[in-house]
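One structure is given here, and the rest of the page talks about it.
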Amino acid sequence: WMTAAPDGLRAVFQAAGKIWISGPPSSTPRRLTPSSFGQLELSPAWSPDGLWIAFTTWDGKERGHIWKVSAEGGEPKRLTREAGEYVNPSWSLDGKQIIVTRGDGATARGHFWAQIQRFELVRLPDTGGELTPVITVNDDGRGQIVRASLDAEQRVYYVESVRGAGGVQLKSVKLDGS
């Protein structure tokens, strides 16, 4: 989970369960979140203006959330109200929305991540709040995780497995799922 900043001068990545940021090759990577932040930190994503990093967390007891933190580091702000199985956030090009992959809640029923049967793409404002479903993906019980991206027209793109064909298809929908 490494991604370059929009300016191409920095990178953010996950290592040892924490989010790290690095600058030019001669710089030393530093942790982006404070040492008091105890959850497993996953799948960082830069905002288009390079000022924020969205990421997801996981805790075996409390489950997961979507967060954002300044690219300079500091105390993260939780964006989701309800815990869930979140991974792979992606910002809209205007930086006002985040699309993320969410599991079907298997872990809330005492199961493991590997037992998630279905994922959906959901969106939320970059300031946090209510999640809005966009579309259910790989709805065939195989539980394959996707990573979405958005274009300038706010169209959501993702790759989905093709049942029986042994391949994948590039698909897209509008933010309202149509």
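Ordering of the structure tokens sets the chain letters (A, B, ...); residue numbers start at 1 within each chain; ligands are numbered from 1 in the order shown.
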Would you return as an MDAnalysis selection string the members of chain A that DSSP assigns to strand (DSSP E or B) on this structure's backbone?
chainID A and resid 2:4 11:15 18:22 30:31 40:46 52:58 64 66:70 77:78 80 84 86:91 97:103 119:125 129 132:137 149:150 155:162 167:174
Report as number ranges by chain: the residues of chain A with a DSSP assignment of helix (DSSP H, G or I), based on the backbone of this structure.
A: 106-109, 113-115
For the selection you just gave me, I'd like the residues written to a file as a PDB file, in the first residue's frame, keeping C-alpha atoms.
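Ended up saving to out.pdb:
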ATOM      1  CA  ALA A 106     -19.093 -10.801   8.287  1.00  0.00           C
ATOM      2  CA  THR A 107     -16.772  -9.743  11.104  1.00  0.00           C
ATOM      3  CA  ALA A 108     -19.721  -8.334  13.070  1.00  0.00           C
ATOM      4  CA  ARG A 109     -21.223 -11.830  12.914  1.00  0.00           C
ATOM      5  CA  TRP A 113     -12.261 -11.157   6.683  1.00  0.00           C
ATOM      6  CA  ALA A 114     -11.695 -14.213   4.482  1.00  0.00           C
ATOM      7  CA  GLN A 115     -15.356 -15.137   4.977  1.00  0.00           C
TER       8      GLN A 115
END
Near Ser149 of chain A, within 7 Å and counting only C-alpha atoms, which residues show up once chain neighbours fewer than 2 positions away are dropped, as a list of chain:residue names?
A:Ser90, A:Arg147, A:Asp151, A:Val156, A:Tyr157, A:Tyr158
Restricting it to C-alpha atoms, dump the selection as a compact mmCIF listing (two decimals), in the first residue's frame.
# COMPACT_ATOMS: atom_id res chain seq x y z
CA SER A 90 -10.03 6.82 -3.17
CA ARG A 147 -10.27 -0.57 -5.55
CA ASP A 151 -12.60 10.53 -13.12
CA VAL A 156 -16.52 5.47 -10.57
CA TYR A 157 -14.27 2.87 -12.24
CA TYR A 158 -13.41 -0.56 -10.85
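Straight-line separation from atom CA of Met2 of chain A to atom CA of Pro44 of chain A: 7.4 Å.
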From the options A:Leu42, A:Val162, A:Ala54, A:Ile98, which residue's atoms come nearest to Leu175 of chain A, counting only C-alpha atoms?
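Using only C-alpha atoms, Leu175 of chain A sits closest to A:Ile98.
Shortest atom-to-atom contact with Trp46 of chain A among A:Tyr86, A:Trp58, A:Phe112, A:Trp91: A:Trp91, counting only C-alpha atoms.
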Neighbouring residues of Ile145 of chain A were defined as those with any atom within 9 Å, considering only C-alpha atoms; residues of the same chain fewer than 4 positions away were excluded. Please report them as an MDAnalysis selection string.
chainID A and resid 87:88 101:103 118:120 137:138 160
Any chance you can output those residues with all heavy atoms as a PDB file, in the first residue's frame?
ATOM      1  N   VAL A  87     -11.714  -0.728   3.227  1.00  0.00           N
ATOM      2  CA  VAL A  87     -10.391  -0.813   2.631  1.00  0.00           C
ATOM      3  C   VAL A  87     -10.390  -0.026   1.314  1.00  0.00           C
ATOM      4  O   VAL A  87     -11.436   0.203   0.708  1.00  0.00           O
ATOM      5  CB  VAL A  87      -9.978  -2.298   2.417  1.00  0.00           C
ATOM      6  CG1 VAL A  87     -10.815  -2.964   1.353  1.00  0.00           C
ATOM      7  CG2 VAL A  87      -8.506  -2.444   2.161  1.00  0.00           C
ATOM      8  N   ASN A  88      -9.222   0.408   0.906  1.00  0.00           N
ATOM      9  CA  ASN A  88      -8.995   1.059  -0.389  1.00  0.00           C
ATOM     10  C   ASN A  88      -9.772   2.359  -0.618  1.00  0.00           C
ATOM     11  O   ASN A  88     -10.519   2.483  -1.589  1.00  0.00           O
ATOM     12  CB  ASN A  88      -9.279   0.084  -1.533  1.00  0.00           C
ATOM     13  CG  ASN A  88      -8.309  -1.059  -1.557  1.00  0.00           C
ATOM     14  OD1 ASN A  88      -7.201  -0.946  -1.063  1.00  0.00           O
ATOM     15  ND2 ASN A  88      -8.723  -2.170  -2.137  1.00  0.00           N
ATOM     16  N   THR A 101     -14.169   0.718  -0.388  1.00  0.00           N
ATOM     17  CA  THR A 101     -14.751  -0.616  -0.456  1.00  0.00           C
ATOM     18  C   THR A 101     -15.142  -1.039   0.960  1.00  0.00           C
ATOM     19  O   THR A 101     -14.361  -0.898   1.894  1.00  0.00           O
ATOM     20  CB  THR A 101     -13.727  -1.608  -1.048  1.00  0.00           C
ATOM     21  OG1 THR A 101     -13.314  -1.132  -2.329  1.00  0.00           O
ATOM     22  CG2 THR A 101     -14.321  -2.986  -1.182  1.00  0.00           C
ATOM     23  N   ARG A 102     -16.377  -1.553   1.100  1.00  0.00           N
ATOM     24  CA  ARG A 102     -16.880  -1.986   2.406  1.00  0.00           C
ATOM     25  C   ARG A 102     -17.364  -3.423   2.316  1.00  0.00           C
ATOM     26  O   ARG A 102     -18.079  -3.802   1.389  1.00  0.00           O
ATOM     27  CB  ARG A 102     -18.032  -1.080   2.856  1.00  0.00           C
ATOM     28  CG  ARG A 102     -18.672  -1.537   4.168  1.00  0.00           C
ATOM     29  CD  ARG A 102     -19.715  -0.586   4.675  1.00  0.00           C
ATOM     30  NE  ARG A 102     -20.897  -0.566   3.822  1.00  0.00           N
ATOM     31  CZ  ARG A 102     -21.970   0.187   4.078  1.00  0.00           C
ATOM     32  NH1 ARG A 102     -22.006   0.981   5.128  1.00  0.00           N
ATOM     33  NH2 ARG A 102     -23.012   0.156   3.269  1.00  0.00           N
ATOM     34  N   GLY A 103     -16.986  -4.224   3.311  1.00  0.00           N
ATOM     35  CA  GLY A 103     -17.417  -5.616   3.377  1.00  0.00           C
ATOM     36  C   GLY A 103     -18.847  -5.745   3.849  1.00  0.00           C
ATOM     37  O   GLY A 103     -19.471  -4.787   4.305  1.00  0.00           O
ATOM     38  N   ARG A 118     -19.320 -10.576   0.064  1.00  0.00           N
ATOM     39  CA  ARG A 118     -19.714  -9.516  -0.866  1.00  0.00           C
ATOM     40  C   ARG A 118     -19.131  -8.184  -0.393  1.00  0.00           C
ATOM     41  O   ARG A 118     -19.053  -7.914   0.803  1.00  0.00           O
ATOM     42  CB  ARG A 118     -21.248  -9.473  -0.895  1.00  0.00           C
ATOM     43  CG  ARG A 118     -21.892  -8.473  -1.734  1.00  0.00           C
ATOM     44  CD  ARG A 118     -23.426  -8.595  -1.698  1.00  0.00           C
ATOM     45  NE  ARG A 118     -23.986  -8.535  -0.343  1.00  0.00           N
ATOM     46  CZ  ARG A 118     -24.345  -9.573   0.410  1.00  0.00           C
ATOM     47  NH1 ARG A 118     -24.204 -10.785  -0.024  1.00  0.00           N
ATOM     48  NH2 ARG A 118     -24.831  -9.406   1.607  1.00  0.00           N
ATOM     49  N   PHE A 119     -18.720  -7.381  -1.340  1.00  0.00           N
ATOM     50  CA  PHE A 119     -18.255  -6.025  -1.049  1.00  0.00           C
ATOM     51  C   PHE A 119     -19.100  -5.030  -1.822  1.00  0.00           C
ATOM     52  O   PHE A 119     -19.695  -5.363  -2.851  1.00  0.00           O
ATOM     53  CB  PHE A 119     -16.787  -5.852  -1.455  1.00  0.00           C
ATOM     54  CG  PHE A 119     -15.834  -6.540  -0.531  1.00  0.00           C
ATOM     55  CD1 PHE A 119     -15.416  -7.829  -0.773  1.00  0.00           C
ATOM     56  CD2 PHE A 119     -15.353  -5.890   0.602  1.00  0.00           C
ATOM     57  CE1 PHE A 119     -14.535  -8.474   0.083  1.00  0.00           C
ATOM     58  CE2 PHE A 119     -14.482  -6.523   1.467  1.00  0.00           C
ATOM     59  CZ  PHE A 119     -14.068  -7.814   1.203  1.00  0.00           C
ATOM     60  N   GLU A 120     -19.137  -3.816  -1.312  1.00  0.00           N
ATOM     61  CA  GLU A 120     -19.802  -2.746  -2.044  1.00  0.00           C
ATOM     62  C   GLU A 120     -18.926  -1.509  -2.015  1.00  0.00           C
ATOM     63  O   GLU A 120     -18.090  -1.349  -1.121  1.00  0.00           O
ATOM     64  CB  GLU A 120     -21.189  -2.450  -1.470  1.00  0.00           C
ATOM     65  CG  GLU A 120     -21.196  -1.871  -0.084  1.00  0.00           C
ATOM     66  CD  GLU A 120     -22.607  -1.588   0.432  1.00  0.00           C
ATOM     67  OE1 GLU A 120     -23.530  -1.359  -0.371  1.00  0.00           O
ATOM     68  OE2 GLU A 120     -22.777  -1.584   1.650  1.00  0.00           O
ATOM     69  N   VAL A 137     -20.307  -5.001  -5.611  1.00  0.00           N
ATOM     70  CA  VAL A 137     -19.373  -5.556  -6.599  1.00  0.00           C
ATOM     71  C   VAL A 137     -19.050  -7.003  -6.255  1.00  0.00           C
ATOM     72  O   VAL A 137     -19.102  -7.404  -5.096  1.00  0.00           O
ATOM     73  CB  VAL A 137     -18.073  -4.719  -6.680  1.00  0.00           C
ATOM     74  CG1 VAL A 137     -18.373  -3.337  -7.208  1.00  0.00           C
ATOM     75  CG2 VAL A 137     -17.398  -4.611  -5.334  1.00  0.00           C
ATOM     76  N   ASN A 138     -18.714  -7.770  -7.285  1.00  0.00           N
ATOM     77  CA  ASN A 138     -18.382  -9.186  -7.102  1.00  0.00           C
ATOM     78  C   ASN A 138     -19.418  -9.861  -6.206  1.00  0.00           C
ATOM     79  O   ASN A 138     -19.081 -10.531  -5.243  1.00  0.00           O
ATOM     80  CB  ASN A 138     -16.978  -9.346  -6.521  1.00  0.00           C
ATOM     81  CG  ASN A 138     -15.910  -8.979  -7.523  1.00  0.00           C
ATOM     82  OD1 ASN A 138     -16.048  -9.243  -8.717  1.00  0.00           O
ATOM     83  ND2 ASN A 138     -14.843  -8.369  -7.056  1.00  0.00           N
ATOM     84  N   GLU A 160     -13.844  -5.865 -12.000  1.00  0.00           N
ATOM     85  CA  GLU A 160     -14.649  -6.904 -11.373  1.00  0.00           C
ATOM     86  C   GLU A 160     -14.375  -8.247 -12.041  1.00  0.00           C
ATOM     87  O   GLU A 160     -14.230  -8.324 -13.260  1.00  0.00           O
ATOM     88  CB  GLU A 160     -16.134  -6.559 -11.489  1.00  0.00           C
ATOM     89  CG  GLU A 160     -17.027  -7.486 -10.705  1.00  0.00           C
ATOM     90  CD  GLU A 160     -18.464  -6.967 -10.624  1.00  0.00           C
ATOM     91  OE1 GLU A 160     -19.055  -6.654 -11.672  1.00  0.00           O
ATOM     92  OE2 GLU A 160     -18.971  -6.867  -9.513  1.00  0.00           O
TER      93      GLU A 160
END
Can you work out the spacing between atom CA of Leu93 of chain A and atom CA of Ala45 of chain A in Å, to one decimal?
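Straight-line distance from atom CA of Leu93 of chain A to atom CA of Ala45 of chain A works out to 12.3 Å.
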Of the candidates A:Val146, A:Ala152, A:Val100, A:Ile116, which shows the shortest atom-to-atom distance to Leu131 of chain A, using only C-alpha atoms?
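Between A:Val146, A:Ala152, A:Val100, A:Ile116, the residue approaching Leu131 of chain A most closely is A:Val100.
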Select, from A:Glu41, A:Glu153, A:Asp104, A:Glu85, the residue with the minimum atom-to-atom distance to Ile53 of chain A, counting only C-alpha atoms.
A:Glu41
